[in-house]
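> Mind looking over this structure? Questions follow.
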Amino acid sequence: MNAKIIYGTAWKKERTSALVLSAVLAGFRAIDTACQPKHYREDLVGEALQILYGEHGYKREDLYLQTKFTPVGGQDVSQPLPYDPSSTVEEQIRSSLATSLRHLRTTYIDSYILHSPLETYPETLKAWRVLVSFQDEGRVRAIGLSNTYDPTILSRLGKDSGRGVEVVQNRWYERNGWDRRTVEWCRTHGAQYQSFWTLTGSPSLLAHSATDVIAKVNGCTPPQAVYRFAQSLGITPLSGTTDEAHMREDLAVEKLSKGDEHFDTLTKFIWG
């Protein structure tokens with residue numbers, strides 16, 4: 001499934017199940033979560049999936065499920081962890097995947113991501129090789145990395161493991177120059193670049209005159225115009241909206257077809 005936009009479930013807490021239901025019923029087919037109780041309720045994503053399967057006629061293959069292994073540094077150790085933090089990295093990842101499969105009530109994950117590089121490159125490579133083994137076993141389809149802004153790490157992982165990075169999920173926003181080097185690396189290597197903080201981190205892009213023109217000629221909102229611009233660069237945005245009307249607006253973005261000539265103006269604005 002080549003999703004153009006993904007529903008993100010971070011920070012939804014006890015509302016996660018209801019919001020995932022709303023998102024899928026609105027038309028989202030790709031869902032992003034993580035085995036990180038600090039910011040995600042992966043178990044409630046699984047609860048929503050069961051309702052979709054049992055009451056709304058959806059099948060597992062209709063949906064694209066993406067989750068993540070979060071290292072100890074990204075966890076709240078005061079909450080129950082999906083692994084023993086004293087175990088090896090390899091054991092932590094195996095335990096975390098088992099927890100994710102149980103939470104999501106599935107036998108496979110469409111996209112499995114390291115939530116961030118580990119403290120050292122050798123540790124990151126160890127972790128990556130575990131993901132490769134999951135892929136070989138058929139328990140995950142695509143493998144990737146998040147919060148990685150140095151493309152040399154992405155290249156090294158592919159070279160040293162024999163298996164390339166297929167998904168990168170990063171902040172795409174003003175403060176990192178809209179992550180140009182990583183976006184270009186993904187284009188060159190055929191990896192999917194997923195963006196978060198796409199709207200909240202880009203106030204100047206939302207306020208740009210070219211964004212306003214694109215919005216006006218399409219009869220859409222500036223946030224829709226920014227999502228469409230991101231898609232024109234080969235980026236797959238994450239939407240974390242809790243508003244059902246905004247869900248429908250976000251899904252409509254890929255059908256916007258006017259004002260493409262203004263994308264060059266926006267590209268020059270963000271990347272020079």
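Naming scheme: A, B, ... for chains in displayed order of the structure tokens; residues 1 onward per chain; ligands 1 onward as shown.
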Would you kindly return, as a PyMOL selection string, each protein, DNA or RNA residue with an atom no farther than 7 Å from any atom of Ala30 of chain A, considering only C-alpha atoms and excluding same-chain residues fewer than 6 positions away?

chain A and resi 3+6-7+63-65

> Applying 12 Å and only C-alpha atoms, which residues near Tyr173 of chain A remain after dropping the ones on its own chain fewer than 6 positions away? List them as a VMD selection string.

chain A and resid 179 to 180 183 195 to 206 226 230 237 270 to 271

> DSSP on the backbone, then: every residue of segment 104-207 of chain A marked strand (DSSP E or B), written as a PyMOL selection string.

chain A and resi 109-114+140-146+167-171+192-196

> Go ahead and write the residues just picked, N, CA and C atoms, as a tab-separated table (two decimals), in the first residue's frame.


chain	number	residue	atom	x	y	z
A	109	ILE	N	3.68	-6.78	10.80
A	109	ILE	CA	3.67	-5.31	10.80
A	109	ILE	C	4.08	-4.85	9.40
A	110	ASP	N	3.34	-3.91	8.84
A	110	ASP	CA	3.67	-3.44	7.49
A	110	ASP	C	4.96	-2.63	7.46
A	111	SER	N	5.20	-1.85	8.50
A	111	SER	CA	6.42	-1.04	8.57
A	111	SER	C	6.87	-0.98	10.01
A	112	TYR	N	8.12	-1.40	10.26
A	112	TYR	CA	8.66	-1.43	11.62
A	112	TYR	C	9.90	-0.54	11.65
A	113	ILE	N	9.90	0.38	12.61
A	113	ILE	CA	10.89	1.46	12.60
A	113	ILE	C	11.63	1.54	13.93
A	114	LEU	N	12.92	1.81	13.88
A	114	LEU	CA	13.66	2.22	15.06
A	114	LEU	C	13.28	3.66	15.35
A	140	VAL	N	7.73	-8.57	9.58
A	140	VAL	CA	7.58	-7.17	9.19
A	140	VAL	C	7.84	-7.07	7.70
A	141	ARG	N	7.20	-6.11	7.08
A	141	ARG	CA	7.34	-5.94	5.63
A	141	ARG	C	8.46	-4.94	5.30
A	142	ALA	N	8.28	-3.70	5.69
A	142	ALA	CA	9.29	-2.67	5.45
A	142	ALA	C	9.98	-2.32	6.77
A	143	ILE	N	11.23	-1.87	6.69
A	143	ILE	CA	11.97	-1.47	7.89
A	143	ILE	C	12.55	-0.09	7.70
A	144	GLY	N	12.64	0.64	8.81
A	144	GLY	CA	13.11	2.02	8.68
A	144	GLY	C	13.61	2.60	9.98
A	145	LEU	N	13.79	3.90	9.96
A	145	LEU	CA	14.43	4.62	11.05
A	145	LEU	C	13.76	5.98	11.19
A	146	SER	N	13.63	6.45	12.41
A	146	SER	CA	13.04	7.76	12.67
A	146	SER	C	14.04	8.65	13.39
A	167	VAL	N	12.23	3.22	4.98
A	167	VAL	CA	11.35	4.27	5.50
A	167	VAL	C	12.15	5.17	6.43
A	168	VAL	N	11.98	6.47	6.28
A	168	VAL	CA	12.55	7.44	7.22
A	168	VAL	C	11.41	8.34	7.69
A	169	GLN	N	11.28	8.48	9.00
A	169	GLN	CA	10.24	9.36	9.54
A	169	GLN	C	10.92	10.44	10.39
A	170	ASN	N	10.84	11.68	9.93
A	170	ASN	CA	11.55	12.78	10.57
A	170	ASN	C	10.67	14.02	10.74
A	171	ARG	N	11.14	14.91	11.63
A	171	ARG	CA	10.55	16.24	11.67
A	171	ARG	C	10.90	16.95	10.36
A	192	GLN	N	10.86	5.78	1.47
A	192	GLN	CA	9.73	6.66	1.75
A	192	GLN	C	10.14	7.63	2.86
A	193	TYR	N	9.93	8.91	2.61
A	193	TYR	CA	10.17	9.92	3.63
A	193	TYR	C	8.83	10.32	4.22
A	194	GLN	N	8.68	10.11	5.52
A	194	GLN	CA	7.46	10.50	6.23
A	194	GLN	C	7.76	11.71	7.10
A	195	SER	N	6.87	12.67	7.08
A	195	SER	CA	7.10	13.91	7.83
A	195	SER	C	6.15	14.05	9.00
A	196	PHE	N	6.68	14.57	10.12
A	196	PHE	CA	5.81	15.01	11.20
A	196	PHE	C	6.21	16.43	11.59

> With distances taken over only C-alpha atoms, which of A:Thr242, A:Gln135, A:Thr236, A:Thr182 is nearest to Thr152 of chain A?

A:Thr182

> Please return as a PyMOL selection string: the residues of segment 61-155 of chain A that backbone DSSP assigns to helix (DSSP H, G or I).

chain A and resi 61-62+72-74+89-104+121-137+151-155

> At a cut-off of 9 Å, using only C-alpha atoms, what residues contact Glu90 of chain A? Leave out same-chain residues fewer than 6 positions from it and give the result as an MDAnalysis selection string.

chainID A and resid 126:127 129:130

> Based on the selection just made, write N, CA and C atoms of those residues as a compact mmCIF listing (two decimals), in the first residue's frame.


# COMPACT_ATOMS: atom_id res chain seq x y z
N LYS A 126 23.52 -3.15 15.34
CA LYS A 126 22.98 -4.37 15.97
C LYS A 126 21.46 -4.37 15.89
N ALA A 127 20.88 -3.23 16.25
CA ALA A 127 19.42 -3.12 16.24
C ALA A 127 18.88 -3.30 14.83
N ARG A 129 20.13 -4.95 12.36
CA ARG A 129 20.22 -6.34 11.93
C ARG A 129 19.08 -7.19 12.49
N VAL A 130 18.58 -6.81 13.68
CA VAL A 130 17.41 -7.51 14.21
C VAL A 130 16.20 -7.23 13.34

> Quick one: residues within 10 Å of Val217 of chain A, only C-alpha atoms, excluding same-chain residues fewer than 4 positions away - as a PDB file with N, CA and C atoms, in the first residue's frame?


ATOM      1  N   ASP A 212      -0.906  30.679  -0.083  1.00  0.00           N
ATOM      2  CA  ASP A 212      -2.226  31.313  -0.140  1.00  0.00           C
ATOM      3  C   ASP A 212      -2.823  31.192  -1.538  1.00  0.00           C
ATOM      4  N   VAL A 213      -1.997  31.383  -2.560  1.00  0.00           N
ATOM      5  CA  VAL A 213      -2.486  31.270  -3.937  1.00  0.00           C
ATOM      6  C   VAL A 213      -2.938  29.840  -4.230  1.00  0.00           C
ATOM      7  N   LEU A 256      -5.964  17.498  -4.975  1.00  0.00           N
ATOM      8  CA  LEU A 256      -5.813  18.892  -5.384  1.00  0.00           C
ATOM      9  C   LEU A 256      -4.889  18.956  -6.594  1.00  0.00           C
ATOM     10  N   SER A 257      -5.318  19.652  -7.620  1.00  0.00           N
ATOM     11  CA  SER A 257      -4.562  19.596  -8.883  1.00  0.00           C
ATOM     12  C   SER A 257      -4.202  20.954  -9.465  1.00  0.00           C
ATOM     13  N   LYS A 258      -4.608  22.018  -8.808  1.00  0.00           N
ATOM     14  CA  LYS A 258      -4.344  23.345  -9.363  1.00  0.00           C
ATOM     15  C   LYS A 258      -3.224  24.038  -8.594  1.00  0.00           C
ATOM     16  N   GLY A 259      -2.551  24.969  -9.304  1.00  0.00           N
ATOM     17  CA  GLY A 259      -1.541  25.787  -8.646  1.00  0.00           C
ATOM     18  C   GLY A 259      -0.184  25.146  -8.514  1.00  0.00           C
TER      19      GLY A 259
END

> Measuring atom to atom with only C-alpha atoms, identify which of A:Glu14, A:Asp243, A:Asp260, A:Glu55 is nearest to Glu42 of chain A.

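Of A:Glu14, A:Asp243, A:Asp260, A:Glu55, the one nearest Glu42 of chain A, counting only C-alpha atoms, is A:Glu14.
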
> Rank nothing, just name the residue among A:Thr267, A:Val45, A:Lys255, A:Pro151 nearest to His208 of chain A, using only C-alpha atoms.

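Of A:Thr267, A:Val45, A:Lys255, A:Pro151, the one nearest His208 of chain A is A:Thr267, counting only C-alpha atoms.
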
> Need the shell around segment 73-78 of chain A: protein/DNA/RNA residues with any atom at most 10 Å away, counting only C-alpha atoms. Skip same-chain ones fewer than 6 positions apart. Format as a list in words?

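My reading of the contact set: Cys35, Gln36, Pro37, Lys38, His39, Pro85, His115, Ser116, Leu118 and Glu119 of chain A.
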
> For the atom pair atom CA of Ile31 of chain A and atom CA of Leu238 of chain A, what is the interatomic distance in Å to one decimal place?

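That distance, rounded to one decimal, is 9.1 Å.
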
> A:Tyr227, A:Phe69, A:Tyr83, A:Tyr40: which is nearest Thr124 of chain A, counting only C-alpha atoms?

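Comparing A:Tyr227, A:Phe69, A:Tyr83, A:Tyr40 against Thr124 of chain A, the winner is A:Phe69.
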
> Quick one: residues within 10 Å of Thr265 of chain A, only C-alpha atoms, excluding same-chain residues fewer than 3 positions away - as a PyMOL selection string?

chain A and resi 208-211+260-262+268-270+272

> For N, CA, C and O atoms, I'd like the residues from the last selection saved as a PDB file, in the first residue's frame.


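To be explicit, this is the file written out as result.pdb:
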ATOM      1  N   HIS A 208       3.078  31.796   3.678  1.00  0.00           N
ATOM      2  CA  HIS A 208       3.699  32.265   2.434  1.00  0.00           C
ATOM      3  C   HIS A 208       2.630  32.612   1.400  1.00  0.00           C
ATOM      4  O   HIS A 208       1.591  31.955   1.298  1.00  0.00           O
ATOM      5  N   SER A 209       2.894  33.633   0.604  1.00  0.00           N
ATOM      6  CA  SER A 209       1.916  34.078  -0.393  1.00  0.00           C
ATOM      7  C   SER A 209       1.617  32.993  -1.424  1.00  0.00           C
ATOM      8  O   SER A 209       0.482  32.875  -1.905  1.00  0.00           O
ATOM      9  N   ALA A 210       2.619  32.180  -1.781  1.00  0.00           N
ATOM     10  CA  ALA A 210       2.378  31.105  -2.753  1.00  0.00           C
ATOM     11  C   ALA A 210       1.450  30.047  -2.168  1.00  0.00           C
ATOM     12  O   ALA A 210       0.627  29.475  -2.888  1.00  0.00           O
ATOM     13  N   THR A 211       1.576  29.797  -0.877  1.00  0.00           N
ATOM     14  CA  THR A 211       0.655  28.859  -0.220  1.00  0.00           C
ATOM     15  C   THR A 211      -0.770  29.394  -0.294  1.00  0.00           C
ATOM     16  O   THR A 211      -1.720  28.650  -0.565  1.00  0.00           O
ATOM     17  N   ASP A 260       0.032  24.019  -9.238  1.00  0.00           N
ATOM     18  CA  ASP A 260       1.324  23.341  -9.118  1.00  0.00           C
ATOM     19  C   ASP A 260       2.497  24.231  -9.519  1.00  0.00           C
ATOM     20  O   ASP A 260       3.617  24.024  -9.045  1.00  0.00           O
ATOM     21  N   GLU A 261       2.242  25.206 -10.369  1.00  0.00           N
ATOM     22  CA  GLU A 261       3.328  26.080 -10.809  1.00  0.00           C
ATOM     23  C   GLU A 261       3.902  26.904  -9.658  1.00  0.00           C
ATOM     24  O   GLU A 261       5.017  27.438  -9.757  1.00  0.00           O
ATOM     25  N   HIS A 262       3.178  26.972  -8.554  1.00  0.00           N
ATOM     26  CA  HIS A 262       3.659  27.734  -7.402  1.00  0.00           C
ATOM     27  C   HIS A 262       4.512  26.881  -6.465  1.00  0.00           C
ATOM     28  O   HIS A 262       5.111  27.417  -5.526  1.00  0.00           O
ATOM     29  N   LYS A 268      11.953  26.927  -3.533  1.00  0.00           N
ATOM     30  CA  LYS A 268      13.040  27.909  -3.398  1.00  0.00           C
ATOM     31  C   LYS A 268      13.002  28.582  -2.036  1.00  0.00           C
ATOM     32  O   LYS A 268      14.045  28.896  -1.454  1.00  0.00           O
ATOM     33  N   PHE A 269      11.805  28.780  -1.506  1.00  0.00           N
ATOM     34  CA  PHE A 269      11.667  29.401  -0.195  1.00  0.00           C
ATOM     35  C   PHE A 269      12.261  28.520   0.895  1.00  0.00           C
ATOM     36  O   PHE A 269      12.986  29.005   1.775  1.00  0.00           O
ATOM     37  N   ILE A 270      11.991  27.215   0.850  1.00  0.00           N
ATOM     38  CA  ILE A 270      12.470  26.369   1.937  1.00  0.00           C
ATOM     39  C   ILE A 270      13.913  25.899   1.748  1.00  0.00           C
ATOM     40  O   ILE A 270      14.632  25.676   2.726  1.00  0.00           O
ATOM     41  N   GLY A 272      16.122  27.221  -0.969  1.00  0.00           N
ATOM     42  CA  GLY A 272      16.997  28.147  -1.662  1.00  0.00           C
ATOM     43  C   GLY A 272      17.215  27.832  -3.126  1.00  0.00           C
ATOM     44  O   GLY A 272      16.714  26.878  -3.667  1.00  0.00           O
TER      45      GLY A 272
END

> Quick one: of A:Ala34, A:Val72, A:Ile235, A:Leu154, who's nearest to Leu97 of chain A, counting only C-alpha atoms?

A:Ala34
